[in-house]
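Worksheet: the structure to be examined is printed underneath.
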Amino acid sequence: MPQPPTIPPLATEFRRLPGVTPGVESPELRLALRMMSLRRQVMLELVNEMDETVIDFTAPAHLSEAPLEVGSRLRELLGVSVQEQLEWRDEWQAWRRWREAVESLGVLVFQFPKVSLDQVRGVSLLKFPMPAIGINSKESAPGARIFTLLHEFLHIALAAGNEEKAALSESRNDTEWSNVERFAEEVASEIIIPENVLQSFLKRTSVARDSWDVPLVRSLAAKFRVTPLAMATRLRAAGQLSWRGYRDWRESWSQYLAMLKPAKGGFAHPVDKTLGRAGRPFTQLVIEALDGNRITAVQACRYLDLRFDHFDKLRANLREGPRAGQIPDDGD
Amino acid sequence: MYSLDTSFFMDWQARYYPLDLFPTLERNLVGMIGAGTCGAVELVKEEIDAVGTPGLRTWASSHSGLFLPMTPEVQIEAAAIEASYPELMDPKGLNESADAYVIALAKTKGWLVVSQETSVQE
């Protein structure tokens with residue numbers, strides 16, 4: 001070509017990330033963002049090619065609203081009932097269901113590997129239609145992935161409400177931005193653990209303020225399929241823990257974690273990695289496009305980052321759903 | 001007299017006409033390779049290695065005469081094709097597509113392109 005093609009900077013797509021300067025992202029993060037952007041673009045092209053309908057994201061949020069109010073409204077839209085939540089058999093089922101709920105509102109949910117957690121836990125592409133959320137798959141606890149997912153979901157809702165712009169255009173100072181992040185955390189927390197449900201649980205317990213120890217918080221967290229840390233944060237917001245009590249609890253929690261043996265490793269199957277990273281809606285559409293001869297097998301393999309010999313297994317998984325005991329993608 | 005695209009190999013061996021069920025097809029193609037009446041650019045081999053089934057990768061490696069070097073003539077022609085049809089390249093893409101080189105090989109040798117790619121209308 002006579003000159004290099006021009007492509008807009010990545011920072012015109014992704015949201016502002018604490019500690020990440022637009023334009024100087026790490027190579028690993030840039031690759032993850034490019035993959036997300038590419039998949040979103042492919043999804044839009046395939047939806048158009050296959051005469052499918054794009055689901056418009058219609059759940060704006062505003063910083064002037066009360067976090068409880070926004071959280072309650074978004075939870076209603078997500079369609080996850082409290083009864084359903086309390087019946088989930090484990091946190092992985094919870095993660096899949098929350099992800100599906102977010103996807104059903106026209107948001108693509110991807111996972112990305114090889115980026116350290118201290119860089120970023122989650123990120124969003126604030127592009128409409130079909131905004132995209134990326135979750136760092138190094139996050140081993142599914143409960144933590146859920147919190148990050150809903151935190152990012154709120155950033156997309158804020159962007160839809162013209163309250164937030166992509167990183168390159170975001171001009172708030174650090175303090176102002178911290179307030180946005182805190183708002184997102186409070187809303188995410190309310191979505192996962194609604195205030196009224198939490199209060200009904202608390203009425204049935206006789207734990208005094210600041211008397212929440214690690215086993216008690218773990219027990220309550222397990223009911224909601226969230227991490228104990230998220231539950232402790234929620235208890236602090238609900239007034240069950242003072243700031244001092246919260247700090248003491250976190251200290252105990254850190255000691256507890258340090259005593260645990262490292263989690264058993266394992267290798268996720270390439271099909272599970274593809275489904276985890278690309279998501280079911282994207283994967284399903286790529287397979288349909290391949291079967292309809294709208295794309296080649298080479299393109300399908302590239303889009304899904306999967307060799308063709310795994311496609312039969314992929315199809316079976318799409319038909320039958322996730323298997324019990326499968327090893328999740330650990331982000332490496 | 002055919003420039004073969006990666007999708008040709010994938011559809012042949014991995015999707016529709018496996019070697020054990022269609023031995024004559026393979027025999028005829030190997031004959032064409034020997035006669036020099038078909039070929040594929042090296043980028044096609046790279047794509048096969050990246051996405052192909054184990055059987056196809058092994059087959060491609062054992063028929064290395066099929067894959068032709070990307071001569072300066074082919075590269076210049078491919079660059080001209082990409083300049084005229086920029087949609088063949090995705091600037092956001094993470095992998096280089098062989099499409100322009102497959103066409104360039106056909107053009108420089110006066111061959112036909114064999115590909116699975118279809119137009120939207122089809």
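Note on naming: chains are A, B, ... as they come in the structure tokens, residues start from 1 per chain, ligands start from 1 in the order shown.
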In range 93-274 of chain A, DSSP strand (DSSP E) residues written as a list in words: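 Here is the list: Leu108, Val109, Phe110, Gln111, Phe112, Gly122, Val123, Ser124, Leu125, Ala132, Ile133, Gly134, Ile135 and Asn136 of chain A.
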Starting from chain A, keep only residues with some atom at most 12 Å from an atom of chain B, counting only C-alpha atoms, and report them as a PyMOL selection string. chain A and resi 1-10+30-42+45-46+48-51+289-312
As a ChimeraX atom specification, please: the residues near Ser104 in chain A (cut-off 10 Å, only C-alpha atoms, same-chain neighbours under 2 positions excluded). /A:55,57,77-79,98-102,106-108,281
Just-selected residues, C-alpha atoms written as a PDB file, in the first residue's frame:
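Contents of again37.pdb, as written:
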ATOM      1  CA  ILE A  55     -29.881  -5.485  20.368  1.00  0.00           C
ATOM      2  CA  PHE A  57     -28.309  -1.156  24.745  1.00  0.00           C
ATOM      3  CA  LEU A  77     -33.406  -5.309  33.659  1.00  0.00           C
ATOM      4  CA  LEU A  78     -30.904  -8.149  33.972  1.00  0.00           C
ATOM      5  CA  GLY A  79     -33.737 -10.432  34.993  1.00  0.00           C
ATOM      6  CA  TRP A  98     -24.657 -13.181  35.210  1.00  0.00           C
ATOM      7  CA  ARG A  99     -22.657 -13.160  31.991  1.00  0.00           C
ATOM      8  CA  GLU A 100     -25.634 -14.430  30.024  1.00  0.00           C
ATOM      9  CA  ALA A 101     -27.845 -11.778  31.620  1.00  0.00           C
ATOM     10  CA  VAL A 102     -25.463  -8.984  30.609  1.00  0.00           C
ATOM     11  CA  GLY A 106     -26.790  -6.244  23.921  1.00  0.00           C
ATOM     12  CA  VAL A 107     -23.364  -6.240  25.567  1.00  0.00           C
ATOM     13  CA  LEU A 108     -20.573  -8.499  24.360  1.00  0.00           C
ATOM     14  CA  PRO A 281     -23.142 -15.350  21.350  1.00  0.00           C
TER      15      PRO A 281
END
As a list of chain:residue names, please: every residue in range 74-104 of chain B that DSSP puts in helix (DSSP H, G or I). B:Val74, B:Gln75, B:Ile76, B:Glu77, B:Ala78, B:Ala79, B:Ala80, B:Ile81, B:Glu82, B:Ala83, B:Ser84, B:Pro86, B:Glu87, B:Leu88, B:Asp99, B:Ala100, B:Tyr101, B:Val102, B:Ile103, B:Ala104
Could you pull the residues within 9 Å of range 228-233 of chain A, counting only C-alpha atoms, minus those fewer than 2 positions along the same chain, as a PDB file with C-alpha atoms, in the first residue's frame?
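Result file result.pdb:
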ATOM      1  CA  GLY A 143     -17.202 -14.352  42.350  1.00  0.00           C
ATOM      2  CA  ALA A 144     -14.561 -11.719  41.601  1.00  0.00           C
ATOM      3  CA  PHE A 147     -18.186  -8.226  40.516  1.00  0.00           C
ATOM      4  CA  SER A 189     -22.624  -4.330  44.831  1.00  0.00           C
ATOM      5  CA  ILE A 193     -26.648  -8.168  46.773  1.00  0.00           C
ATOM      6  CA  TRP A 212     -18.286 -10.378  61.583  1.00  0.00           C
ATOM      7  CA  VAL A 214     -14.044 -14.677  58.384  1.00  0.00           C
ATOM      8  CA  VAL A 217     -18.702 -13.535  56.145  1.00  0.00           C
ATOM      9  CA  ARG A 218     -17.747 -16.601  54.077  1.00  0.00           C
ATOM     10  CA  SER A 219     -21.010 -18.253  55.008  1.00  0.00           C
ATOM     11  CA  LEU A 220     -23.102 -15.236  53.990  1.00  0.00           C
ATOM     12  CA  ALA A 221     -21.034 -14.704  50.803  1.00  0.00           C
ATOM     13  CA  ALA A 222     -21.619 -18.309  49.761  1.00  0.00           C
ATOM     14  CA  PHE A 224     -25.107 -14.947  47.268  1.00  0.00           C
ATOM     15  CA  VAL A 226     -19.962 -13.663  45.795  1.00  0.00           C
ATOM     16  CA  LEU A 235     -21.551  -5.246  54.980  1.00  0.00           C
ATOM     17  CA  ARG A 236     -19.484  -2.134  55.503  1.00  0.00           C
ATOM     18  CA  ALA A 237     -21.763  -0.177  53.170  1.00  0.00           C
ATOM     19  CA  ALA A 238     -24.773  -1.564  55.053  1.00  0.00           C
ATOM     20  CA  GLN A 240     -22.621  -3.814  59.744  1.00  0.00           C
ATOM     21  CA  LEU A 241     -18.908  -3.066  59.789  1.00  0.00           C
ATOM     22  CA  TYR A 246     -13.731  -3.527  57.950  1.00  0.00           C
ATOM     23  CA  TRP A 249     -11.691  -8.040  58.881  1.00  0.00           C
ATOM     24  CA  ARG A 250      -9.542  -7.537  55.782  1.00  0.00           C
ATOM     25  CA  TRP A 253      -8.974 -12.308  55.575  1.00  0.00           C
TER      26      TRP A 253
END
Using only C-alpha atoms, determine which residues lie at most 9 Å from Leu314 in chain A, disregarding the query and same-chain residues fewer than 4 positions distant; provide the list as a ChimeraX atom specification. /A:271-272,274-275,283,310,318-319
From CA of Glu73 in chain B to CA of Glu87 in chain B the spacing works out at 21.8 Å
By how many Å are CA of Gly65 in chain B and CA of Gly39 in chain B apart? 8.2 Å
Go through B:Leu112, B:Ala100, B:Ala40, B:Ala106 and flag the residue nearest Ala60 in chain B, using only C-alpha atoms for the distances.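 Once distances to Ala60 in chain B are computed over only C-alpha atoms, the minimum belongs to B:Ala40.
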Residues at most 9 Å from range 170-183 of chain A, counting only C-alpha atoms, excluding those fewer than 2 positions away in the same chain, as a list in words? Arg15, Arg16, Pro18, Leu63, Ala66, Pro67, His151, Leu154, His155, Glu164, Lys165, Ala166, Ala167, Leu168, Glu185, Glu186, Val187 and Ala188 of chain A
CA of Pro69 in chain B to CA of Leu88 in chain B: how many Å, to one decimal?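 Value for the CA of Pro69 in chain B-CA of Leu88 in chain B distance: 20.9 Å.
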Near-Glu42 in chain B list (10 Å; only C-alpha atoms; drop same-chain fewer than 5 positions) as a ChimeraX atom specification: /B:47-48,64,66-70,98,101-102
Just N, CA and C atoms for this one: save the residues we selected as a PDB file, in the first residue's frame.
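Listing of again.pdb after writing:
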ATOM      1  N   GLU B  47      -0.913 -20.535   7.018  1.00  0.00           N
ATOM      2  CA  GLU B  47      -2.294 -20.554   7.526  1.00  0.00           C
ATOM      3  C   GLU B  47      -2.728 -21.971   7.866  1.00  0.00           C
ATOM      4  N   ILE B  48      -2.358 -22.915   7.014  1.00  0.00           N
ATOM      5  CA  ILE B  48      -2.699 -24.318   7.301  1.00  0.00           C
ATOM      6  C   ILE B  48      -2.065 -24.743   8.621  1.00  0.00           C
ATOM      7  N   SER B  64       5.531 -30.555   0.165  1.00  0.00           N
ATOM      8  CA  SER B  64       6.082 -29.198   0.208  1.00  0.00           C
ATOM      9  C   SER B  64       6.275 -28.605  -1.198  1.00  0.00           C
ATOM     10  N   LEU B  66       4.215 -28.303  -3.369  1.00  0.00           N
ATOM     11  CA  LEU B  66       2.994 -27.562  -3.717  1.00  0.00           C
ATOM     12  C   LEU B  66       3.137 -26.065  -3.424  1.00  0.00           C
ATOM     13  N   PHE B  67       3.950 -25.760  -2.415  1.00  0.00           N
ATOM     14  CA  PHE B  67       3.994 -24.372  -1.939  1.00  0.00           C
ATOM     15  C   PHE B  67       5.115 -23.597  -2.617  1.00  0.00           C
ATOM     16  N   LEU B  68       4.742 -22.489  -3.204  1.00  0.00           N
ATOM     17  CA  LEU B  68       5.672 -21.724  -4.033  1.00  0.00           C
ATOM     18  C   LEU B  68       6.167 -20.494  -3.280  1.00  0.00           C
ATOM     19  N   PRO B  69       7.436 -20.152  -3.454  1.00  0.00           N
ATOM     20  CA  PRO B  69       7.978 -18.990  -2.747  1.00  0.00           C
ATOM     21  C   PRO B  69       7.306 -17.698  -3.211  1.00  0.00           C
ATOM     22  N   MET B  70       7.289 -16.740  -2.311  1.00  0.00           N
ATOM     23  CA  MET B  70       6.657 -15.458  -2.647  1.00  0.00           C
ATOM     24  C   MET B  70       7.711 -14.605  -3.364  1.00  0.00           C
ATOM     25  N   ALA B  98      -3.805 -14.269   3.471  1.00  0.00           N
ATOM     26  CA  ALA B  98      -3.095 -14.697   2.258  1.00  0.00           C
ATOM     27  C   ALA B  98      -3.841 -14.299   0.987  1.00  0.00           C
ATOM     28  N   TYR B 101      -2.158 -12.496  -1.920  1.00  0.00           N
ATOM     29  CA  TYR B 101      -1.034 -13.265  -2.465  1.00  0.00           C
ATOM     30  C   TYR B 101      -1.529 -14.435  -3.305  1.00  0.00           C
ATOM     31  N   VAL B 102      -2.654 -15.012  -2.888  1.00  0.00           N
ATOM     32  CA  VAL B 102      -3.259 -16.097  -3.666  1.00  0.00           C
ATOM     33  C   VAL B 102      -3.671 -15.557  -5.041  1.00  0.00           C
TER      34      VAL B 102
END
